[in-house]
$ cat start-v2.cif   # mmCIF, N, CA and C atoms
data_coords
loop_
_atom_site.label_atom_id
_atom_site.label_comp_id
_atom_site.auth_asym_id
_atom_site.auth_seq_id
_atom_site.Cartn_x
_atom_site.Cartn_y
_atom_site.Cartn_z
N MET D 1 -8.89 -4.56 1.15
CA MET D 1 -8.00 -5.04 2.19
C MET D 1 -8.52 -4.56 3.54
N GLY D 2 -8.58 -5.44 4.50
CA GLY D 2 -9.09 -5.09 5.81
C GLY D 2 -8.06 -4.35 6.66
N ASP D 3 -8.57 -3.62 7.62
CA ASP D 3 -7.71 -2.89 8.53
C ASP D 3 -7.25 -3.80 9.67
N THR D 4 -6.06 -3.53 10.18
CA THR D 4 -5.67 -4.17 11.42
C THR D 4 -6.45 -3.49 12.54
N LEU D 5 -6.54 -4.11 13.68
CA LEU D 5 -7.29 -3.53 14.79
C LEU D 5 -6.71 -2.17 15.18
N ARG D 6 -5.40 -2.05 15.19
CA ARG D 6 -4.75 -0.78 15.55
C ARG D 6 -5.11 0.32 14.55
N MET D 7 -5.05 -0.02 13.25
CA MET D 7 -5.39 0.97 12.23
C MET D 7 -6.88 1.31 12.29
N ARG D 8 -7.70 0.33 12.58
CA ARG D 8 -9.14 0.56 12.68
C ARG D 8 -9.45 1.54 13.82
N LYS D 9 -8.80 1.33 14.97
CA LYS D 9 -9.01 2.23 16.11
C LYS D 9 -8.55 3.65 15.77
N ARG D 10 -7.43 3.77 15.09
CA ARG D 10 -6.94 5.09 14.71
C ARG D 10 -7.90 5.77 13.74
N LYS D 11 -8.41 4.99 12.79
CA LYS D 11 -9.35 5.54 11.81
C LYS D 11 -10.62 6.03 12.52
N GLU D 12 -11.14 5.22 13.45
CA GLU D 12 -12.34 5.62 14.19
C GLU D 12 -12.08 6.86 15.03
N TRP D 13 -10.90 6.94 15.64
CA TRP D 13 -10.54 8.10 16.47
C TRP D 13 -10.46 9.36 15.60
N LEU D 14 -9.80 9.27 14.44
CA LEU D 14 -9.70 10.42 13.55
C LEU D 14 -11.07 10.81 13.00
N TYR D 15 -11.91 9.83 12.70
CA TYR D 15 -13.25 10.11 12.18
C TYR D 15 -14.09 10.84 13.23
N ALA D 16 -13.95 10.46 14.49
CA ALA D 16 -14.69 11.13 15.57
C ALA D 16 -14.25 12.59 15.71
N GLN D 17 -12.97 12.86 15.40
CA GLN D 17 -12.46 14.23 15.47
C GLN D 17 -13.08 15.09 14.37
N ASP D 18 -13.13 14.54 13.13
CA ASP D 18 -13.68 15.26 11.98
C ASP D 18 -14.00 14.24 10.88
N PRO D 19 -15.27 14.10 10.49
CA PRO D 19 -15.64 13.11 9.48
C PRO D 19 -15.43 13.57 8.04
N ASN D 20 -14.82 14.73 7.84
CA ASN D 20 -14.58 15.25 6.50
C ASN D 20 -13.15 14.99 6.05
N CYS D 21 -12.98 14.78 4.74
CA CYS D 21 -11.66 14.57 4.16
C CYS D 21 -10.80 15.81 4.40
N LYS D 22 -9.60 15.63 4.91
CA LYS D 22 -8.70 16.75 5.17
C LYS D 22 -8.18 17.39 3.89
N HIS D 23 -8.29 16.68 2.77
CA HIS D 23 -7.79 17.18 1.50
C HIS D 23 -8.85 17.94 0.71
N CYS D 24 -10.03 17.33 0.52
CA CYS D 24 -11.06 17.96 -0.32
C CYS D 24 -12.28 18.43 0.46
N GLY D 25 -12.42 18.03 1.72
CA GLY D 25 -13.54 18.47 2.53
C GLY D 25 -14.80 17.62 2.41
N ARG D 26 -14.77 16.57 1.61
CA ARG D 26 -15.94 15.69 1.40
C ARG D 26 -16.29 14.95 2.69
N LEU D 27 -17.59 14.82 2.96
CA LEU D 27 -18.04 13.99 4.07
C LEU D 27 -17.76 12.54 3.70
N MET D 28 -17.07 11.82 4.57
CA MET D 28 -16.64 10.46 4.25
C MET D 28 -17.55 9.42 4.87
N TYR D 29 -17.44 8.21 4.35
CA TYR D 29 -18.16 7.05 4.85
C TYR D 29 -17.19 6.19 5.63
N LEU D 30 -17.54 5.88 6.88
CA LEU D 30 -16.73 4.98 7.70
C LEU D 30 -17.46 3.66 7.78
N ASN D 31 -16.90 2.63 7.14
CA ASN D 31 -17.58 1.33 7.16
C ASN D 31 -17.51 0.73 8.56
N SER D 32 -18.57 0.01 8.92
CA SER D 32 -18.63 -0.58 10.25
C SER D 32 -17.75 -1.82 10.31
N ARG D 33 -17.40 -2.21 11.51
CA ARG D 33 -16.55 -3.39 11.69
C ARG D 33 -17.23 -4.62 11.12
N GLY D 34 -16.48 -5.40 10.39
CA GLY D 34 -17.00 -6.63 9.82
C GLY D 34 -17.73 -6.43 8.50
N GLU D 35 -17.97 -5.17 8.12
CA GLU D 35 -18.65 -4.92 6.85
C GLU D 35 -17.66 -5.12 5.71
N ASN D 36 -18.03 -5.94 4.75
CA ASN D 36 -17.16 -6.20 3.60
C ASN D 36 -17.74 -5.47 2.39
N LEU D 37 -17.06 -4.43 1.94
CA LEU D 37 -17.55 -3.65 0.81
C LEU D 37 -17.33 -4.42 -0.48
N LYS D 38 -18.36 -4.49 -1.30
CA LYS D 38 -18.30 -5.24 -2.55
C LYS D 38 -17.80 -4.38 -3.72
N GLU D 39 -17.88 -3.06 -3.59
CA GLU D 39 -17.44 -2.19 -4.68
C GLU D 39 -16.68 -0.99 -4.13
N TYR D 40 -15.95 -0.35 -4.99
CA TYR D 40 -15.14 0.82 -4.64
C TYR D 40 -16.04 1.99 -4.26
N ARG D 41 -15.72 2.65 -3.17
CA ARG D 41 -16.42 3.87 -2.76
C ARG D 41 -15.41 4.99 -2.69
N PRO D 42 -15.55 6.04 -3.53
CA PRO D 42 -14.59 7.14 -3.48
C PRO D 42 -14.65 7.93 -2.18
N ASP D 43 -15.77 7.85 -1.45
CA ASP D 43 -15.91 8.60 -0.20
C ASP D 43 -15.54 7.78 1.03
N LEU D 44 -14.97 6.61 0.84
CA LEU D 44 -14.58 5.76 1.96
C LEU D 44 -13.43 6.40 2.74
N ALA D 45 -13.53 6.45 4.05
CA ALA D 45 -12.49 7.03 4.90
C ALA D 45 -11.25 6.14 4.89
N THR D 46 -10.10 6.73 4.59
CA THR D 46 -8.83 5.99 4.59
C THR D 46 -7.79 6.78 5.36
N ILE D 47 -6.80 6.08 5.85
CA ILE D 47 -5.69 6.72 6.56
C ILE D 47 -4.69 7.25 5.53
N GLN D 48 -4.35 8.53 5.62
CA GLN D 48 -3.32 9.12 4.77
C GLN D 48 -2.09 9.33 5.65
N HIS D 49 -1.01 8.67 5.31
CA HIS D 49 0.24 8.83 6.05
C HIS D 49 0.97 10.06 5.53
N LEU D 50 1.28 10.98 6.42
CA LEU D 50 1.97 12.19 6.00
C LEU D 50 3.40 11.89 5.60
N ASN D 51 3.99 10.86 6.18
CA ASN D 51 5.27 10.33 5.71
C ASN D 51 4.91 9.11 4.86
N ASN D 52 5.01 9.26 3.54
CA ASN D 52 4.55 8.19 2.66
C ASN D 52 5.46 6.97 2.73
N ARG D 53 5.11 5.95 1.97
CA ARG D 53 5.82 4.67 2.04
C ARG D 53 7.29 4.77 1.63
N TYR D 54 7.66 5.81 0.90
CA TYR D 54 9.05 5.95 0.46
C TYR D 54 9.87 6.81 1.41
N HIS D 55 9.25 7.39 2.43
CA HIS D 55 9.95 8.27 3.36
C HIS D 55 10.92 7.44 4.21
N PRO D 56 12.14 7.95 4.42
CA PRO D 56 13.14 7.15 5.17
C PRO D 56 12.71 6.80 6.59
N GLU D 57 11.88 7.62 7.23
CA GLU D 57 11.48 7.35 8.61
C GLU D 57 10.44 6.25 8.71
N VAL D 58 9.87 5.80 7.61
CA VAL D 58 8.84 4.78 7.65
C VAL D 58 9.41 3.46 8.13
N ARG D 59 10.59 3.12 7.70
CA ARG D 59 11.21 1.86 8.09
C ARG D 59 11.94 2.03 9.43
N LEU D 60 11.17 2.01 10.51
CA LEU D 60 11.71 2.21 11.84
C LEU D 60 12.17 0.88 12.43
N ALA D 61 13.09 0.96 13.39
CA ALA D 61 13.55 -0.24 14.08
C ALA D 61 12.42 -0.80 14.94
N PRO D 62 12.45 -2.09 15.22
CA PRO D 62 11.42 -2.68 16.09
C PRO D 62 11.40 -1.99 17.45
N GLN D 63 10.21 -1.86 18.03
CA GLN D 63 10.06 -1.16 19.30
C GLN D 63 9.63 -2.12 20.40
N THR D 64 9.97 -1.74 21.63
CA THR D 64 9.49 -2.50 22.79
C THR D 64 8.02 -2.15 23.01
N PRO D 65 7.29 -2.93 23.78
CA PRO D 65 5.88 -2.61 24.05
C PRO D 65 5.71 -1.22 24.69
N GLU D 66 6.63 -0.82 25.55
CA GLU D 66 6.55 0.49 26.18
C GLU D 66 6.73 1.60 25.14
N GLU D 67 7.67 1.43 24.23
CA GLU D 67 7.88 2.41 23.16
C GLU D 67 6.68 2.48 22.23
N GLN D 68 6.05 1.35 21.98
CA GLN D 68 4.87 1.33 21.12
C GLN D 68 3.72 2.12 21.75
N LYS D 69 3.53 1.99 23.06
CA LYS D 69 2.47 2.73 23.74
C LYS D 69 2.72 4.23 23.66
N LYS D 70 3.98 4.65 23.85
CA LYS D 70 4.31 6.08 23.81
C LYS D 70 4.20 6.65 22.40
N ALA D 71 4.35 5.80 21.40
CA ALA D 71 4.36 6.26 20.01
C ALA D 71 2.97 6.52 19.45
N TRP D 72 1.92 6.12 20.17
CA TRP D 72 0.56 6.26 19.63
C TRP D 72 0.26 7.71 19.22
N GLU D 73 0.50 8.66 20.11
CA GLU D 73 0.19 10.06 19.80
C GLU D 73 1.07 10.59 18.67
N THR D 74 2.33 10.19 18.65
CA THR D 74 3.23 10.63 17.59
C THR D 74 2.75 10.11 16.25
N ARG D 75 2.40 8.84 16.19
CA ARG D 75 1.93 8.26 14.93
C ARG D 75 0.61 8.88 14.51
N ALA D 76 -0.29 9.09 15.47
CA ALA D 76 -1.58 9.69 15.13
C ALA D 76 -1.36 11.09 14.57
N GLY D 77 -0.33 11.77 15.02
CA GLY D 77 -0.03 13.10 14.49
C GLY D 77 0.56 13.06 13.09
N ARG D 78 1.02 11.88 12.64
CA ARG D 78 1.58 11.75 11.30
C ARG D 78 0.58 11.18 10.31
N THR D 79 -0.69 11.08 10.73
CA THR D 79 -1.72 10.55 9.84
C THR D 79 -2.92 11.49 9.83
N GLU D 80 -3.64 11.47 8.72
CA GLU D 80 -4.88 12.21 8.58
C GLU D 80 -5.89 11.28 7.92
N LEU D 81 -7.15 11.66 7.99
CA LEU D 81 -8.21 10.90 7.34
C LEU D 81 -8.55 11.57 6.02
N TRP D 82 -8.34 10.85 4.92
CA TRP D 82 -8.65 11.33 3.58
C TRP D 82 -9.64 10.36 2.95
N CYS D 83 -10.41 10.86 1.99
CA CYS D 83 -11.29 9.96 1.24
C CYS D 83 -10.42 9.09 0.34
N ALA D 84 -10.95 7.94 -0.05
CA ALA D 84 -10.19 6.98 -0.86
C ALA D 84 -9.74 7.60 -2.18
N GLU D 85 -10.59 8.43 -2.79
CA GLU D 85 -10.24 9.05 -4.07
C GLU D 85 -9.02 9.96 -3.93
N CYS D 86 -9.01 10.84 -2.93
CA CYS D 86 -7.86 11.74 -2.73
C CYS D 86 -6.61 10.96 -2.36
N ASN D 87 -6.75 9.95 -1.51
CA ASN D 87 -5.62 9.15 -1.09
C ASN D 87 -4.98 8.44 -2.28
N ASN D 88 -5.79 7.83 -3.14
CA ASN D 88 -5.25 7.13 -4.31
C ASN D 88 -4.56 8.08 -5.28
N LYS D 89 -5.17 9.23 -5.54
CA LYS D 89 -4.57 10.21 -6.45
C LYS D 89 -3.22 10.70 -5.92
N ASP D 90 -3.17 10.98 -4.61
CA ASP D 90 -1.93 11.47 -4.02
C ASP D 90 -0.81 10.44 -4.12
N GLN D 91 -1.13 9.18 -3.85
CA GLN D 91 -0.11 8.14 -3.91
C GLN D 91 0.38 7.91 -5.34
N MET D 92 -0.51 7.98 -6.31
CA MET D 92 -0.10 7.82 -7.71
C MET D 92 0.80 8.97 -8.14
N GLU D 93 0.47 10.19 -7.74
CA GLU D 93 1.30 11.34 -8.09
C GLU D 93 2.67 11.25 -7.44
N GLU D 94 2.72 10.84 -6.19
CA GLU D 94 4.00 10.70 -5.49
C GLU D 94 4.89 9.67 -6.17
N THR D 95 4.32 8.56 -6.56
CA THR D 95 5.08 7.51 -7.22
C THR D 95 5.60 7.98 -8.58
N LYS D 96 4.78 8.72 -9.33
CA LYS D 96 5.19 9.20 -10.65
C LYS D 96 6.31 10.23 -10.57
N ARG D 97 6.38 10.97 -9.46
CA ARG D 97 7.41 12.02 -9.32
C ARG D 97 8.81 11.44 -9.11
N LEU D 98 8.90 10.24 -8.62
CA LEU D 98 10.21 9.67 -8.30
C LEU D 98 10.80 8.94 -9.50
N PRO D 99 12.10 9.04 -9.69
CA PRO D 99 12.74 8.26 -10.76
C PRO D 99 12.64 6.77 -10.45
N ILE D 100 12.59 5.97 -11.47
CA ILE D 100 12.40 4.53 -11.31
C ILE D 100 13.51 3.90 -10.46
N GLU D 101 14.72 4.36 -10.63
CA GLU D 101 15.83 3.81 -9.84
C GLU D 101 15.64 4.09 -8.35
N GLU D 102 15.11 5.27 -8.04
CA GLU D 102 14.86 5.63 -6.65
C GLU D 102 13.73 4.79 -6.06
N LEU D 103 12.72 4.51 -6.86
CA LEU D 103 11.63 3.64 -6.40
C LEU D 103 12.16 2.24 -6.05
N TRP D 104 13.02 1.71 -6.90
CA TRP D 104 13.59 0.39 -6.63
C TRP D 104 14.42 0.42 -5.36
N ARG D 105 15.25 1.45 -5.21
CA ARG D 105 16.14 1.55 -4.05
C ARG D 105 15.34 1.66 -2.76
N ARG D 106 14.36 2.55 -2.73
CA ARG D 106 13.60 2.79 -1.51
C ARG D 106 12.66 1.64 -1.16
N SER D 107 12.10 0.99 -2.14
CA SER D 107 11.15 -0.07 -1.84
C SER D 107 11.83 -1.34 -1.38
N GLY D 108 13.09 -1.53 -1.80
CA GLY D 108 13.79 -2.75 -1.43
C GLY D 108 13.34 -3.96 -2.20
N HIS D 109 12.60 -3.76 -3.29
CA HIS D 109 12.11 -4.85 -4.11
C HIS D 109 12.81 -4.85 -5.47
N LEU D 110 12.77 -5.99 -6.11
CA LEU D 110 13.33 -6.07 -7.46
C LEU D 110 12.44 -5.30 -8.42
N PRO D 111 13.01 -4.73 -9.46
CA PRO D 111 12.20 -3.97 -10.42
C PRO D 111 11.20 -4.87 -11.15
N LEU D 112 9.99 -4.35 -11.32
CA LEU D 112 8.97 -5.07 -12.08
C LEU D 112 8.98 -4.64 -13.54
N ILE D 113 9.52 -3.44 -13.79
CA ILE D 113 9.61 -2.90 -15.15
C ILE D 113 11.09 -2.81 -15.48
N ASN D 114 11.46 -3.25 -16.67
CA ASN D 114 12.87 -3.37 -17.01
C ASN D 114 13.54 -2.05 -17.37
N THR D 115 12.83 -1.14 -18.00
CA THR D 115 13.48 0.09 -18.46
C THR D 115 12.76 1.33 -17.96
N LYS D 116 13.49 2.43 -17.97
CA LYS D 116 12.93 3.71 -17.58
C LYS D 116 11.81 4.12 -18.54
N GLU D 117 11.94 3.78 -19.81
CA GLU D 117 10.91 4.12 -20.80
C GLU D 117 9.60 3.41 -20.49
N GLU D 118 9.67 2.16 -20.06
CA GLU D 118 8.46 1.41 -19.71
C GLU D 118 7.78 2.04 -18.51
N HIS D 119 8.58 2.55 -17.54
CA HIS D 119 8.04 3.20 -16.36
C HIS D 119 7.29 4.46 -16.75
N GLU D 120 7.81 5.24 -17.68
CA GLU D 120 7.19 6.48 -18.09
C GLU D 120 5.88 6.24 -18.84
N LYS D 121 5.73 5.08 -19.47
CA LYS D 121 4.48 4.76 -20.17
C LYS D 121 3.35 4.52 -19.19
N VAL D 122 3.68 4.03 -17.98
CA VAL D 122 2.66 3.71 -16.98
C VAL D 122 2.16 4.96 -16.38
#
$ encode --input "start-v2.cif" --output "structure tokens"
Amino acid sequence: MGDTLRMRKRKEWLYAQDPNCKHCGRLMYLNSRGENLKEYRPDLATIQHLNNRYHPEVRLAPQTPEEQKKAWETRAGRTELWCAECNNKDQMEETKRLPIEELWRRSGHLPLINTKEEHEKV
């Protein structure tokens, strides 16, 4: 999945600060603009949101253009650059820790798995 221009700029800015994964310390690879990777790279630089997708503050109200400009530093402070491998592992662990009912409630989507037992098998 490609980055939006805003996310790309943030990733480049964080990479310029420190090209190592904040979680494991691995030197990461920052793909150039327009480069389409054909295979998975565990060392690929990715944005790690410190407030994950299930955090209540993630679903913020729409902002005016002035509020969006002021929020840049705040948002950049809530993200770090992690390698793809660490980012994927962290998100899988976070999802597994939550009860299935809570996942449904927070995501706002219909359940894809019918029972709690099926969720635990995954």
$ resolve_selection --input "start-v2.cif" --expression "the PyMOL selection byres ((chain D and resi 30) around 7)" --output "list in words"
Met28, Tyr29, Asn31, Ser32, Arg33, Asp43, Leu44 and Ala45 of chain D
$ atom_distance --input "start-v2.cif" --atom1 "atom CA of D:Pro19" --atom2 "atom CA of D:Cys83"
9.8 Å
$ atom_distance --input "start-v2.cif" --atom1 "atom CA of D:Lys22" --atom2 "atom N of D:Pro42"
15.4 Å
$ select_by_dssp --input "start-v2.cif" --residues "stretch 13-57 of chain D" --states "strand (DSSP E)" --output "number ranges by chain"
D: 45-49
$ write_last_selection --input "start-v2.cif" --atoms "N, CA and C atoms" --output "PDB file, keeping the file's coordinate frame"
ATOM      1  N   ALA D  45     -13.530   6.450   4.050  1.00  0.00           N
ATOM      2  CA  ALA D  45     -12.490   7.030   4.900  1.00  0.00           C
ATOM      3  C   ALA D  45     -11.250   6.140   4.890  1.00  0.00           C
ATOM      4  N   THR D  46     -10.100   6.730   4.590  1.00  0.00           N
ATOM      5  CA  THR D  46      -8.830   5.990   4.590  1.00  0.00           C
ATOM      6  C   THR D  46      -7.790   6.780   5.360  1.00  0.00           C
ATOM      7  N   ILE D  47      -6.800   6.080   5.850  1.00  0.00           N
ATOM      8  CA  ILE D  47      -5.690   6.720   6.560  1.00  0.00           C
ATOM      9  C   ILE D  47      -4.690   7.250   5.530  1.00  0.00           C
ATOM     10  N   GLN D  48      -4.350   8.530   5.620  1.00  0.00           N
ATOM     11  CA  GLN D  48      -3.320   9.120   4.770  1.00  0.00           C
ATOM     12  C   GLN D  48      -2.090   9.330   5.650  1.00  0.00           C
ATOM     13  N   HIS D  49      -1.010   8.670   5.310  1.00  0.00           N
ATOM     14  CA  HIS D  49       0.240   8.830   6.050  1.00  0.00           C
ATOM     15  C   HIS D  49       0.970  10.060   5.530  1.00  0.00           C
TER      16      HIS D  49
END
$ residues_near_point --input "start-v2.cif" --point "(-13.8, 5.9, 15.3)" --cutoff "12 Å" --atoms "only C-alpha atoms" --output "compact mmCIF listing (two decimals) with N, CA and C atoms, in the coordinates of the input"
# COMPACT_ATOMS: atom_id res chain seq x y z
N LEU D 5 -6.54 -4.11 13.68
CA LEU D 5 -7.29 -3.53 14.79
C LEU D 5 -6.71 -2.17 15.18
N ARG D 6 -5.40 -2.05 15.19
CA ARG D 6 -4.75 -0.78 15.55
C ARG D 6 -5.11 0.32 14.55
N MET D 7 -5.05 -0.02 13.25
CA MET D 7 -5.39 0.97 12.23
C MET D 7 -6.88 1.31 12.29
N ARG D 8 -7.70 0.33 12.58
CA ARG D 8 -9.14 0.56 12.68
C ARG D 8 -9.45 1.54 13.82
N LYS D 9 -8.80 1.33 14.97
CA LYS D 9 -9.01 2.23 16.11
C LYS D 9 -8.55 3.65 15.77
N ARG D 10 -7.43 3.77 15.09
CA ARG D 10 -6.94 5.09 14.71
C ARG D 10 -7.90 5.77 13.74
N LYS D 11 -8.41 4.99 12.79
CA LYS D 11 -9.35 5.54 11.81
C LYS D 11 -10.62 6.03 12.52
N GLU D 12 -11.14 5.22 13.45
CA GLU D 12 -12.34 5.62 14.19
C GLU D 12 -12.08 6.86 15.03
N TRP D 13 -10.90 6.94 15.64
CA TRP D 13 -10.54 8.10 16.47
C TRP D 13 -10.46 9.36 15.60
N LEU D 14 -9.80 9.27 14.44
CA LEU D 14 -9.70 10.42 13.55
C LEU D 14 -11.07 10.81 13.00
N TYR D 15 -11.91 9.83 12.70
CA TYR D 15 -13.25 10.11 12.18
C TYR D 15 -14.09 10.84 13.23
N ALA D 16 -13.95 10.46 14.49
CA ALA D 16 -14.69 11.13 15.57
C ALA D 16 -14.25 12.59 15.71
N GLN D 17 -12.97 12.86 15.40
CA GLN D 17 -12.46 14.23 15.47
C GLN D 17 -13.08 15.09 14.37
N ASP D 18 -13.13 14.54 13.13
CA ASP D 18 -13.68 15.26 11.98
C ASP D 18 -14.00 14.24 10.88
N PRO D 19 -15.27 14.10 10.49
CA PRO D 19 -15.64 13.11 9.48
C PRO D 19 -15.43 13.57 8.04
N TYR D 29 -17.44 8.21 4.35
CA TYR D 29 -18.16 7.05 4.85
C TYR D 29 -17.19 6.19 5.63
N LEU D 30 -17.54 5.88 6.88
CA LEU D 30 -16.73 4.98 7.70
C LEU D 30 -17.46 3.66 7.78
N ASN D 31 -16.90 2.63 7.14
CA ASN D 31 -17.58 1.33 7.16
C ASN D 31 -17.51 0.73 8.56
N SER D 32 -18.57 0.01 8.92
CA SER D 32 -18.63 -0.58 10.25
C SER D 32 -17.75 -1.82 10.31
N ARG D 33 -17.40 -2.21 11.51
CA ARG D 33 -16.55 -3.39 11.69
C ARG D 33 -17.23 -4.62 11.12
N ALA D 45 -13.53 6.45 4.05
CA ALA D 45 -12.49 7.03 4.90
C ALA D 45 -11.25 6.14 4.89
N THR D 46 -10.10 6.73 4.59
CA THR D 46 -8.83 5.99 4.59
C THR D 46 -7.79 6.78 5.36
N ILE D 47 -6.80 6.08 5.85
CA ILE D 47 -5.69 6.72 6.56
C ILE D 47 -4.69 7.25 5.53
N LEU D 81 -7.15 11.66 7.99
CA LEU D 81 -8.21 10.90 7.34
C LEU D 81 -8.55 11.57 6.02
$ atom_distance --input "start-v2.cif" --atom1 "atom CA of D:Pro65" --atom2 "atom CA of D:Arg78"
19.7 Å
